[in-house]
Structure formats: structure tokens, C-alpha cells
Amino acid sequence: MSRISLGLALALLLLVSLIANAPARLLASLLPAAEVHVEGFTGTLWRGAASRCLVRVGPGYLHLGSVRWELAPLSLFTLAPRLTLESQWGEQRVAGDVVLRGEQDFDFHNFDVTVAADLLRRFAPITLGGHLNATFVELVLRDRFPVSGEGRLVWQNAAWESPQGLMPLGTYAIDIIPDGEAGLRGEVLTLSGQVQASGSVALTGSRYTVDVMVDSADGLDEQVQRALSLIATPEGNGYRASLEGEFKG
């Protein structure tokens, strides 16, 4: 082998070694800085971990705790990095695949998220109990709002903070399916509990519509009725919430 050939072979070997051992902190250059904040990198770019990760949710940030990931090397050539993520912080858990398509554009695949229902205080002045579990086969976000997806959102052991304390309600689900160009549509189901909820929700870009009936065979608690009367109208033995509006970015 000539010296030139040997030199090229060694240079190629060195380049492959540098790429294979690229430090994990390089992942920060692939992430949208306005949406994701990561600290404490260990490992490599392709398989690494971080001790702290914050993701923007509405007006604030959701703390994911420590995060582990694997980056698909070939996805870099498509300018849409694909990461397999897993994080856990207390009872909060996130796992699945995410494709980064832009500053505010993401594709999620086989994604599972469990968070405390109290997270909704970021969007409404109300204290809730229980856990929210979202399981998606696919969820596509553009400009940070869902445009298509399929999955299920479950509110497990739902409770509402009344003046008398935390009041148990039940367990509820929303089965989410694509709705063509209209975005997402969901069917509200009651899985357990004395307080029954049924109806539909829809999301088109940042605009939402809600049509949900809430009632109980034994009659709704007086405190629940007072709370519902702020957002719903009496109908039969229960209340119907017919709402529409727009989420602010």
C-alpha cells in the first residue's frame, strides 16, 4: 500500500472514530433552543443521557428530569433527526420516538406520556387530581399544535379540588382519531366512577370545540354542580359543556 493510500485510510479511520464518539453535548445543536433546554450531558451523540431536561408546555416548561436517548444516524441525512427517548421523574414518565422537523414542528411515534393532572393549572385556574396518560401511535405537531394523530388520553383517578377538599370523580378517556383537514377529533368516555361524562372534542390548529355531557345516576354533588355551572348549562339531571375557543401559543 502506498503512503498516500495508507494516509487516506488512516484519515478515514480517524474520521469514523471521531463521528462514532461524538460527545452527547452536540445534541443541543439539533434541538430547538426555544422549546427544549437540556443540561448535564453524558455518553455520545448517538446514545447518551442528560441529567436535566425542560420542555416548553404552554406558558411554562415541563420538567422531564433525567433523559436517555438514541439517535438514528441516517436520519441526519434527511435533516429530520429521529430520537428514541425515555425519561422518568417520580411518577412522571415519557417514552417513544420523536422526529425533529423544525423549531416548532415535531412527529411523535409510539409515544407514551404520564404526568400529574395538576399540570393543567398552566392552562386554567383549577386544581385537579389524578394522572393523565397519553398513548399515541402517531401525533404530528406543526407550529406546536396537533394537525393529525391517533391515540388515547386517559384521566386516571380524576379528582377536583373543591372548597371542602379533593373530590373524586372517576376515570375518563378520550379516544383520538384523525379528522381529515379538520385536525383531530376525540370521543369522551367514562371508564369508571359515579360522575358520568360523554361527548366529543375537536382541535383544528389552535382552535378547539367541546361538547360534553356530565351527569350522575345518583345526582351530582352540590359542589360539582356549582363548578359546572361556571362553564356549562343545566340539561336534564346534569350539565352540558359546549365550548369553543383558541389556545394561545
# chains A, B, ... in the order shown; residues from 1 in each chain; ligands from 1
call {"tool": "residues_around", "arguments": {"residues": "Phe111 of chain A", "least_positions_apart": "6", "cutoff": "7 Å", "atoms": "only C-alpha atoms", "output": "ChimeraX atom specification"}}
result
/A:95-97,135-137
call {"tool": "select_by_dssp", "arguments": {"residues": "segment 33-214 of chain A", "states": "strand (DSSP E or B)", "output": "PyMOL selection string"}}
result
chain A and resi 36-44+47-57+60-71+82-89+92-100+106-116+128-142+145-162+165-178+184-192+196-204+207-214
call {"tool": "write_last_selection", "arguments": {"atoms": "C-alpha atoms", "output": "tab-separated table (two decimals), in the first residue's frame"}}
result
chain	number	residue	atom	x	y	z
A	36	VAL	CA	-36.15	22.33	24.81
A	37	HIS	CA	-33.47	23.02	27.44
A	38	VAL	CA	-31.04	20.21	28.32
A	39	GLU	CA	-28.16	20.07	30.83
A	40	GLY	CA	-25.67	17.53	32.20
A	41	PHE	CA	-24.76	15.57	29.07
A	42	THR	CA	-23.05	12.17	29.25
A	43	GLY	CA	-22.33	9.49	26.63
A	44	THR	CA	-22.23	10.10	22.89
A	47	ARG	CA	-26.50	7.09	22.61
A	48	GLY	CA	-26.42	9.40	25.57
A	49	ALA	CA	-28.16	10.87	28.58
A	50	ALA	CA	-28.79	14.20	30.26
A	51	SER	CA	-29.38	14.86	33.94
A	52	ARG	CA	-31.98	17.59	33.36
A	53	CYS	CA	-34.42	18.33	30.56
A	54	LEU	CA	-37.11	21.02	30.30
A	55	VAL	CA	-39.72	21.11	27.51
A	56	ARG	CA	-41.90	24.12	26.81
A	57	VAL	CA	-45.59	23.42	27.51
A	60	GLY	CA	-44.13	27.43	31.02
A	61	TYR	CA	-41.82	24.42	30.97
A	62	LEU	CA	-42.38	20.78	31.90
A	63	HIS	CA	-39.53	19.21	33.90
A	64	LEU	CA	-38.75	15.75	32.49
A	65	GLY	CA	-35.90	15.01	34.88
A	66	SER	CA	-33.13	12.77	33.53
A	67	VAL	CA	-33.39	11.68	29.88
A	68	ARG	CA	-31.81	8.89	27.86
A	69	TRP	CA	-31.83	8.77	24.07
A	70	GLU	CA	-30.65	7.02	20.93
A	71	LEU	CA	-30.23	8.97	17.69
A	82	ARG	CA	-35.13	10.89	14.87
A	83	LEU	CA	-34.62	10.21	18.58
A	84	THR	CA	-35.81	7.35	20.75
A	85	LEU	CA	-36.39	8.93	24.16
A	86	GLU	CA	-37.03	7.71	27.68
A	87	SER	CA	-37.31	9.76	30.86
A	88	GLN	CA	-38.71	9.31	34.34
A	89	TRP	CA	-39.12	11.77	37.19
A	92	GLN	CA	-43.94	11.10	35.54
A	93	ARG	CA	-42.79	9.11	32.51
A	94	VAL	CA	-42.09	9.81	28.83
A	95	ALA	CA	-41.09	7.21	26.23
A	96	GLY	CA	-41.22	6.95	22.44
A	97	ASP	CA	-39.80	8.23	19.17
A	98	VAL	CA	-39.72	11.88	18.11
A	99	VAL	CA	-38.71	13.37	14.76
A	100	LEU	CA	-37.44	16.97	14.85
A	106	PHE	CA	-42.46	17.51	15.61
A	107	ASP	CA	-43.64	13.99	14.75
A	108	PHE	CA	-44.23	11.54	17.61
A	109	HIS	CA	-44.46	7.76	17.09
A	110	ASN	CA	-45.44	5.06	19.60
A	111	PHE	CA	-45.30	7.74	22.27
A	112	ASP	CA	-46.42	7.29	25.87
A	113	VAL	CA	-46.59	10.12	28.42
A	114	THR	CA	-47.78	10.06	32.04
A	115	VAL	CA	-47.99	13.32	34.03
A	116	ALA	CA	-49.89	14.67	37.02
A	128	LEU	CA	-57.13	18.72	39.59
A	129	GLY	CA	-56.06	15.36	40.98
A	130	GLY	CA	-55.10	12.08	39.34
A	131	HIS	CA	-52.80	11.35	36.42
A	132	LEU	CA	-53.01	11.96	32.69
A	133	ASN	CA	-51.73	9.21	30.41
A	134	ALA	CA	-51.43	9.89	26.68
A	135	THR	CA	-50.63	7.00	24.35
A	136	PHE	CA	-50.21	7.84	20.68
A	137	VAL	CA	-49.50	5.62	17.70
A	138	GLU	CA	-48.76	8.87	15.90
A	139	LEU	CA	-49.04	12.58	16.68
A	140	VAL	CA	-47.97	15.33	14.27
A	141	LEU	CA	-47.39	18.87	15.57
A	142	ARG	CA	-46.95	21.89	13.35
A	145	PHE	CA	-50.26	22.44	17.61
A	146	PRO	CA	-51.54	18.95	16.61
A	147	VAL	CA	-52.64	18.57	12.98
A	148	SER	CA	-53.11	14.79	12.92
A	149	GLY	CA	-52.79	11.84	15.26
A	150	GLU	CA	-54.25	8.67	16.68
A	151	GLY	CA	-54.26	7.56	20.30
A	152	ARG	CA	-55.95	7.72	23.68
A	153	LEU	CA	-55.81	10.19	26.56
A	154	VAL	CA	-56.83	8.79	29.97
A	155	TRP	CA	-57.51	10.79	33.13
A	156	GLN	CA	-56.90	8.16	35.81
A	157	ASN	CA	-58.46	8.60	39.27
A	158	ALA	CA	-59.71	12.05	38.34
A	159	ALA	CA	-60.44	14.46	41.17
A	160	TRP	CA	-61.38	18.11	41.56
A	161	GLU	CA	-60.23	20.46	44.31
A	162	SER	CA	-63.41	21.82	45.92
A	165	GLY	CA	-61.11	19.27	49.68
A	166	LEU	CA	-60.22	16.91	46.84
A	167	MET	CA	-63.38	15.33	45.43
A	168	PRO	CA	-63.04	12.02	43.49
A	169	LEU	CA	-64.83	11.90	40.13
A	170	GLY	CA	-63.83	8.77	38.21
A	171	THR	CA	-61.61	7.65	35.33
A	172	TYR	CA	-62.19	9.04	31.85
A	173	ALA	CA	-60.77	8.62	28.36
A	174	ILE	CA	-60.69	10.46	25.07
A	175	ASP	CA	-60.18	8.26	22.01
A	176	ILE	CA	-58.46	10.45	19.43
A	177	ILE	CA	-58.64	9.89	15.68
A	178	PRO	CA	-57.63	11.97	12.64
A	184	LEU	CA	-58.18	15.88	15.50
A	185	ARG	CA	-61.46	14.59	16.85
A	186	GLY	CA	-61.99	12.75	20.13
A	187	GLU	CA	-64.79	10.77	21.78
A	188	VAL	CA	-65.14	11.27	25.54
A	189	LEU	CA	-65.80	8.06	27.51
A	190	THR	CA	-66.37	7.22	31.19
A	191	LEU	CA	-64.33	4.18	32.25
A	192	SER	CA	-65.38	4.21	35.92
A	196	GLN	CA	-70.52	10.19	34.02
A	197	ALA	CA	-69.06	12.15	31.11
A	198	SER	CA	-69.72	11.62	27.40
A	199	GLY	CA	-69.47	13.66	24.23
A	200	SER	CA	-66.84	14.89	21.80
A	201	VAL	CA	-63.91	17.28	21.45
A	202	ALA	CA	-62.17	18.59	18.35
A	203	LEU	CA	-58.98	20.52	17.63
A	204	THR	CA	-58.16	22.37	14.43
A	207	ARG	CA	-58.91	26.26	17.85
A	208	TYR	CA	-60.90	23.80	19.95
A	209	THR	CA	-64.54	22.80	20.39
A	210	VAL	CA	-66.02	20.83	23.28
A	211	ASP	CA	-69.46	19.23	23.57
A	212	VAL	CA	-69.59	17.10	26.72
A	213	MET	CA	-72.50	15.98	28.93
A	214	VAL	CA	-71.79	15.41	32.65
call {"tool": "closest_residue", "arguments": {"among": "A:Arg25, A:Arg240, A:Arg101, A:Arg144", "to": "Gln225 of chain A", "atoms": "only C-alpha atoms"}}
result
A:Arg240
call {"tool": "select_by_dssp", "arguments": {"residues": "segment 23-243 of chain A", "states": "helix (DSSP H, G or I)", "output": "tab-separated table (two decimals) with all heavy atoms, in the first residue's frame"}}
result
chain	number	residue	atom	x	y	z
A	24	ALA	N	-22.07	13.76	23.59
A	24	ALA	CA	-23.53	13.91	23.70
A	24	ALA	C	-23.96	15.36	23.64
A	24	ALA	O	-25.06	15.67	23.17
A	24	ALA	CB	-24.00	13.27	25.01
A	25	ARG	N	-23.10	16.28	24.10
A	25	ARG	CA	-23.49	17.69	24.15
A	25	ARG	C	-23.80	18.26	22.76
A	25	ARG	O	-24.45	19.31	22.64
A	25	ARG	CB	-22.40	18.52	24.82
A	25	ARG	CG	-21.09	18.57	24.08
A	25	ARG	CD	-20.09	19.48	24.78
A	25	ARG	NE	-18.81	19.55	24.07
A	25	ARG	CZ	-17.83	18.69	24.25
A	25	ARG	NH1	-17.95	17.69	25.11
A	25	ARG	NH2	-16.70	18.83	23.54
A	26	LEU	N	-23.35	17.59	21.69
A	26	LEU	CA	-23.65	18.06	20.34
A	26	LEU	C	-25.14	17.97	20.03
A	26	LEU	O	-25.62	18.61	19.09
A	26	LEU	CB	-22.85	17.25	19.31
A	26	LEU	CG	-21.34	17.44	19.32
A	26	LEU	CD1	-20.69	16.60	18.24
A	26	LEU	CD2	-20.99	18.91	19.13
A	27	LEU	N	-25.87	17.17	20.81
A	27	LEU	CA	-27.31	17.07	20.60
A	27	LEU	C	-27.99	18.43	20.77
A	27	LEU	O	-29.00	18.72	20.12
A	27	LEU	CB	-27.93	16.06	21.57
A	27	LEU	CG	-29.45	15.85	21.43
A	27	LEU	CD1	-29.77	15.18	20.11
A	27	LEU	CD2	-29.98	15.02	22.60
A	28	ALA	N	-27.44	19.27	21.62
A	28	ALA	CA	-28.02	20.59	21.87
A	28	ALA	C	-28.14	21.40	20.59
A	28	ALA	O	-29.07	22.20	20.43
A	28	ALA	CB	-27.21	21.34	22.92
A	29	SER	N	-27.21	21.19	19.65
A	29	SER	CA	-27.25	21.93	18.39
A	29	SER	C	-28.37	21.46	17.47
A	29	SER	O	-28.74	22.17	16.53
A	29	SER	CB	-25.91	21.82	17.66
A	29	SER	OG	-25.64	20.46	17.31
A	73	PRO	N	-28.62	7.42	13.12
A	73	PRO	CA	-27.62	8.14	12.32
A	73	PRO	C	-28.11	8.58	10.94
A	73	PRO	O	-27.88	9.71	10.52
A	73	PRO	CB	-26.47	7.14	12.21
A	73	PRO	CG	-26.63	6.23	13.39
A	73	PRO	CD	-28.11	6.12	13.58
A	74	LEU	N	-28.83	7.69	10.23
A	74	LEU	CA	-29.26	8.03	8.88
A	74	LEU	C	-30.27	9.15	8.84
A	74	LEU	O	-30.43	9.81	7.81
A	74	LEU	CB	-29.84	6.77	8.20
A	74	LEU	CG	-28.85	5.63	7.94
A	74	LEU	CD1	-29.54	4.46	7.26
A	74	LEU	CD2	-27.67	6.11	7.10
A	75	SER	N	-30.95	9.40	9.98
A	75	SER	CA	-31.96	10.47	10.00
A	75	SER	C	-31.33	11.84	9.84
A	75	SER	O	-32.00	12.79	9.43
A	75	SER	CB	-32.77	10.40	11.30
A	75	SER	OG	-31.97	10.73	12.42
A	76	LEU	N	-30.03	11.97	10.13
A	76	LEU	CA	-29.37	13.26	9.97
A	76	LEU	C	-29.28	13.67	8.50
A	76	LEU	O	-29.28	14.86	8.17
A	76	LEU	CB	-27.97	13.22	10.59
A	76	LEU	CG	-27.90	13.03	12.11
A	76	LEU	CD1	-26.46	13.01	12.56
A	76	LEU	CD2	-28.66	14.14	12.82
A	77	PHE	N	-29.22	12.68	7.61
A	77	PHE	CA	-29.13	12.99	6.18
A	77	PHE	C	-30.46	13.51	5.63
A	77	PHE	O	-30.48	14.13	4.56
A	77	PHE	CB	-28.69	11.74	5.41
A	77	PHE	CG	-27.28	11.30	5.72
A	77	PHE	CD1	-27.05	10.25	6.58
A	77	PHE	CD2	-26.20	11.95	5.15
A	77	PHE	CE1	-25.76	9.85	6.88
A	77	PHE	CE2	-24.90	11.55	5.44
A	77	PHE	CZ	-24.68	10.51	6.30
A	78	THR	N	-31.54	13.25	6.33
A	78	THR	CA	-32.86	13.75	5.89
A	78	THR	C	-33.19	15.10	6.51
A	78	THR	O	-34.28	15.64	6.28
A	78	THR	CB	-33.97	12.75	6.27
A	78	THR	OG1	-34.09	12.68	7.70
A	78	THR	CG2	-33.66	11.36	5.72
A	117	ALA	N	-52.21	15.33	36.67
A	117	ALA	CA	-53.28	16.15	36.09
A	117	ALA	C	-53.18	17.60	36.51
A	117	ALA	O	-53.69	18.49	35.82
A	117	ALA	CB	-54.64	15.58	36.50
A	118	ASP	N	-52.48	17.86	37.60
A	118	ASP	CA	-52.34	19.23	38.08
A	118	ASP	C	-51.57	20.10	37.08
A	118	ASP	O	-51.56	21.33	37.19
A	118	ASP	CB	-51.63	19.23	39.44
A	118	ASP	CG	-51.77	20.56	40.16
A	118	ASP	OD1	-52.85	21.16	40.06
A	118	ASP	OD2	-50.80	21.00	40.80
A	119	LEU	N	-50.94	19.46	36.09
A	119	LEU	CA	-50.26	20.20	35.04
A	119	LEU	C	-51.21	21.15	34.32
A	119	LEU	O	-50.79	22.20	33.80
A	119	LEU	CB	-49.64	19.22	34.04
A	119	LEU	CG	-48.97	19.82	32.79
A	119	LEU	CD1	-47.72	20.57	33.18
A	119	LEU	CD2	-48.66	18.72	31.78
A	120	LEU	N	-52.50	20.82	34.29
A	120	LEU	CA	-53.48	21.64	33.58
A	120	LEU	C	-53.67	23.01	34.21
A	120	LEU	O	-54.30	23.89	33.62
A	120	LEU	CB	-54.83	20.91	33.51
A	120	LEU	CG	-54.82	19.60	32.70
A	120	LEU	CD1	-56.19	18.95	32.74
A	120	LEU	CD2	-54.41	19.88	31.25
A	121	ARG	N	-53.12	23.20	35.41
A	121	ARG	CA	-53.19	24.54	36.02
A	121	ARG	C	-52.47	25.58	35.17
A	121	ARG	O	-52.70	26.78	35.32
A	121	ARG	CB	-52.59	24.52	37.42
A	121	ARG	CG	-53.52	23.97	38.48
A	121	ARG	CD	-53.07	24.37	39.86
A	121	ARG	NE	-51.70	23.92	40.13
A	121	ARG	CZ	-51.04	24.20	41.26
A	121	ARG	NH1	-51.61	24.95	42.19
A	121	ARG	NH2	-49.82	23.76	41.45
A	122	ARG	N	-51.59	25.12	34.27
A	122	ARG	CA	-50.90	26.06	33.38
A	122	ARG	C	-51.88	26.71	32.40
A	122	ARG	O	-51.60	27.77	31.85
A	122	ARG	CB	-49.81	25.33	32.59
A	122	ARG	CG	-48.69	24.75	33.44
A	122	ARG	CD	-47.71	24.01	32.55
A	122	ARG	NE	-46.65	23.38	33.34
A	122	ARG	CZ	-45.52	23.95	33.65
A	122	ARG	NH1	-45.29	25.19	33.26
A	122	ARG	NH2	-44.59	23.31	34.36
A	180	GLY	N	-59.35	14.28	9.04
A	180	GLY	CA	-59.06	14.89	7.75
A	180	GLY	C	-58.38	16.23	7.92
A	180	GLY	O	-57.51	16.41	8.76
A	181	GLU	N	-58.79	17.18	7.09
A	181	GLU	CA	-58.21	18.52	7.16
A	181	GLU	C	-58.66	19.28	8.40
A	181	GLU	O	-58.13	20.34	8.72
A	181	GLU	CB	-58.58	19.31	5.91
A	181	GLU	CG	-57.99	18.73	4.62
A	181	GLU	CD	-58.33	19.57	3.42
A	181	GLU	OE1	-59.06	20.58	3.59
A	181	GLU	OE2	-57.87	19.23	2.31
A	182	ALA	N	-59.66	18.72	9.13
A	182	ALA	CA	-60.17	19.39	10.33
A	182	ALA	C	-59.27	19.23	11.52
A	182	ALA	O	-59.48	19.85	12.55
A	182	ALA	CB	-61.57	18.88	10.65
A	222	GLU	N	-73.38	18.87	45.11
A	222	GLU	CA	-73.68	20.30	45.02
A	222	GLU	C	-72.45	21.10	44.62
A	222	GLU	O	-72.55	22.05	43.83
A	222	GLU	CB	-74.21	20.80	46.36
A	222	GLU	CG	-74.59	22.28	46.35
A	222	GLU	CD	-75.15	22.75	47.69
A	222	GLU	OE1	-75.46	21.88	48.54
A	222	GLU	OE2	-75.28	23.97	47.88
A	223	GLN	N	-71.27	20.74	45.16
A	223	GLN	CA	-70.05	21.46	44.82
A	223	GLN	C	-69.69	21.26	43.35
A	223	GLN	O	-69.23	22.19	42.67
A	223	GLN	CB	-68.90	21.00	45.71
A	223	GLN	CG	-69.07	21.32	47.18
A	223	GLN	CD	-69.08	22.83	47.42
A	223	GLN	OE1	-68.42	23.57	46.72
A	223	GLN	NE2	-69.84	23.26	48.41
A	224	VAL	N	-69.90	20.05	42.83
A	224	VAL	CA	-69.64	19.78	41.41
A	224	VAL	C	-70.59	20.59	40.54
A	224	VAL	O	-70.20	21.16	39.52
A	224	VAL	CB	-69.77	18.27	41.11
A	224	VAL	CG1	-69.63	18.02	39.61
A	224	VAL	CG2	-68.71	17.48	41.87
A	225	GLN	N	-71.85	20.67	40.96
A	225	GLN	CA	-72.83	21.46	40.20
A	225	GLN	C	-72.42	22.92	40.14
A	225	GLN	O	-72.52	23.57	39.09
A	225	GLN	CB	-74.21	21.34	40.84
A	225	GLN	CG	-74.84	19.96	40.72
A	225	GLN	CD	-76.27	19.94	41.21
A	225	GLN	OE1	-77.09	20.76	40.79
A	225	GLN	NE2	-76.58	19.01	42.10
A	226	ARG	N	-71.94	23.46	41.25
A	226	ARG	CA	-71.52	24.86	41.26
A	226	ARG	C	-70.35	25.09	40.32
A	226	ARG	O	-70.31	26.11	39.61
A	226	ARG	CB	-71.13	25.27	42.69
A	226	ARG	CG	-72.31	25.38	43.65
A	226	ARG	CD	-71.83	25.80	45.03
A	226	ARG	NE	-72.95	25.90	45.96
A	226	ARG	CZ	-72.81	26.17	47.25
A	226	ARG	NH1	-71.59	26.36	47.76
A	226	ARG	NH2	-73.86	26.24	48.04
A	227	ALA	N	-69.42	24.16	40.33
A	227	ALA	CA	-68.27	24.31	39.43
A	227	ALA	C	-68.69	24.20	37.97
A	227	ALA	O	-68.25	24.98	37.12
A	227	ALA	CB	-67.22	23.24	39.76
A	228	LEU	N	-69.56	23.23	37.67
A	228	LEU	CA	-70.01	23.05	36.29
A	228	LEU	C	-70.84	24.23	35.79
A	228	LEU	O	-70.80	24.58	34.61
A	228	LEU	CB	-70.82	21.77	36.17
A	228	LEU	CG	-70.03	20.45	36.26
A	228	LEU	CD1	-70.98	19.26	36.32
A	228	LEU	CD2	-69.09	20.31	35.07
call {"tool": "decode", "arguments": {"residues": "segment 103-125 of chain A", "atoms": "N, CA and C atoms", "output": "mmCIF file, in the first residue's frame"}}
result
data_model
loop_
_atom_site.group_PDB
_atom_site.id
_atom_site.type_symbol
_atom_site.label_atom_id
_atom_site.label_comp_id
_atom_site.auth_asym_id
_atom_site.auth_seq_id
_atom_site.Cartn_x
_atom_site.Cartn_y
_atom_site.Cartn_z
ATOM 1 N N GLU A 103 -38.211 24.182 14.291
ATOM 2 C CA GLU A 103 -38.238 24.801 15.606
ATOM 3 C C GLU A 103 -39.513 24.451 16.372
ATOM 4 N N GLN A 104 -40.639 24.350 15.663
ATOM 5 C CA GLN A 104 -41.925 24.087 16.312
ATOM 6 C C GLN A 104 -42.694 22.966 15.625
ATOM 7 N N ASP A 105 -41.974 22.122 14.864
ATOM 8 C CA ASP A 105 -42.600 21.023 14.128
ATOM 9 C C ASP A 105 -42.018 19.697 14.591
ATOM 10 N N PHE A 106 -42.905 18.797 15.065
ATOM 11 C CA PHE A 106 -42.460 17.515 15.609
ATOM 12 C C PHE A 106 -43.409 16.399 15.168
ATOM 13 N N ASP A 107 -42.852 15.198 14.966
ATOM 14 C CA ASP A 107 -43.641 13.989 14.748
ATOM 15 C C ASP A 107 -43.342 13.031 15.902
ATOM 16 N N PHE A 108 -44.390 12.512 16.538
ATOM 17 C CA PHE A 108 -44.229 11.535 17.610
ATOM 18 C C PHE A 108 -44.774 10.190 17.154
ATOM 19 N N HIS A 109 -44.046 9.108 17.476
ATOM 20 C CA HIS A 109 -44.459 7.763 17.091
ATOM 21 C C HIS A 109 -44.362 6.837 18.303
ATOM 22 N N ASN A 110 -45.414 6.007 18.486
ATOM 23 C CA ASN A 110 -45.438 5.061 19.603
ATOM 24 C C ASN A 110 -45.041 5.749 20.897
ATOM 25 N N PHE A 111 -45.677 6.870 21.161
ATOM 26 C CA PHE A 111 -45.298 7.742 22.268
ATOM 27 C C PHE A 111 -46.230 7.538 23.444
ATOM 28 N N ASP A 112 -45.649 7.488 24.643
ATOM 29 C CA ASP A 112 -46.420 7.288 25.868
ATOM 30 C C ASP A 112 -45.958 8.301 26.912
ATOM 31 N N VAL A 113 -46.899 9.079 27.442
ATOM 32 C CA VAL A 113 -46.586 10.119 28.416
ATOM 33 C C VAL A 113 -47.529 9.996 29.608
ATOM 34 N N THR A 114 -46.981 10.043 30.822
ATOM 35 C CA THR A 114 -47.781 10.064 32.044
ATOM 36 C C THR A 114 -47.339 11.249 32.892
ATOM 37 N N VAL A 115 -48.289 12.138 33.211
ATOM 38 C CA VAL A 115 -47.993 13.316 34.028
ATOM 39 C C VAL A 115 -49.116 13.518 35.033
ATOM 40 N N ALA A 116 -48.867 14.327 36.052
ATOM 41 C CA ALA A 116 -49.893 14.675 37.023
ATOM 42 C C ALA A 116 -50.928 15.582 36.368
ATOM 43 N N ALA A 117 -52.209 15.335 36.668
ATOM 44 C CA ALA A 117 -53.281 16.145 36.093
ATOM 45 C C ALA A 117 -53.177 17.602 36.508
ATOM 46 N N ASP A 118 -52.484 17.860 37.601
ATOM 47 C CA ASP A 118 -52.337 19.233 38.079
ATOM 48 C C ASP A 118 -51.569 20.101 37.084
ATOM 49 N N LEU A 119 -50.942 19.457 36.093
ATOM 50 C CA LEU A 119 -50.256 20.203 35.044
ATOM 51 C C LEU A 119 -51.208 21.151 34.322
ATOM 52 N N LEU A 120 -52.500 20.820 34.291
ATOM 53 C CA LEU A 120 -53.483 21.641 33.582
ATOM 54 C C LEU A 120 -53.671 23.015 34.214
ATOM 55 N N ARG A 121 -53.117 23.200 35.409
ATOM 56 C CA ARG A 121 -53.189 24.536 36.017
ATOM 57 C C ARG A 121 -52.470 25.582 35.173
ATOM 58 N N ARG A 122 -51.586 25.123 34.269
ATOM 59 C CA ARG A 122 -50.903 26.055 33.378
ATOM 60 C C ARG A 122 -51.877 26.705 32.401
ATOM 61 N N PHE A 123 -53.013 26.017 32.151
ATOM 62 C CA PHE A 123 -53.950 26.490 31.136
ATOM 63 C C PHE A 123 -55.269 26.999 31.715
ATOM 64 N N ALA A 124 -55.591 26.606 32.943
ATOM 65 C CA ALA A 124 -56.853 27.031 33.553
ATOM 66 C C ALA A 124 -56.673 27.147 35.056
ATOM 67 N N PRO A 125 -57.354 28.114 35.685
ATOM 68 C CA PRO A 125 -57.210 28.331 37.131
ATOM 69 C C PRO A 125 -58.017 27.314 37.934
#
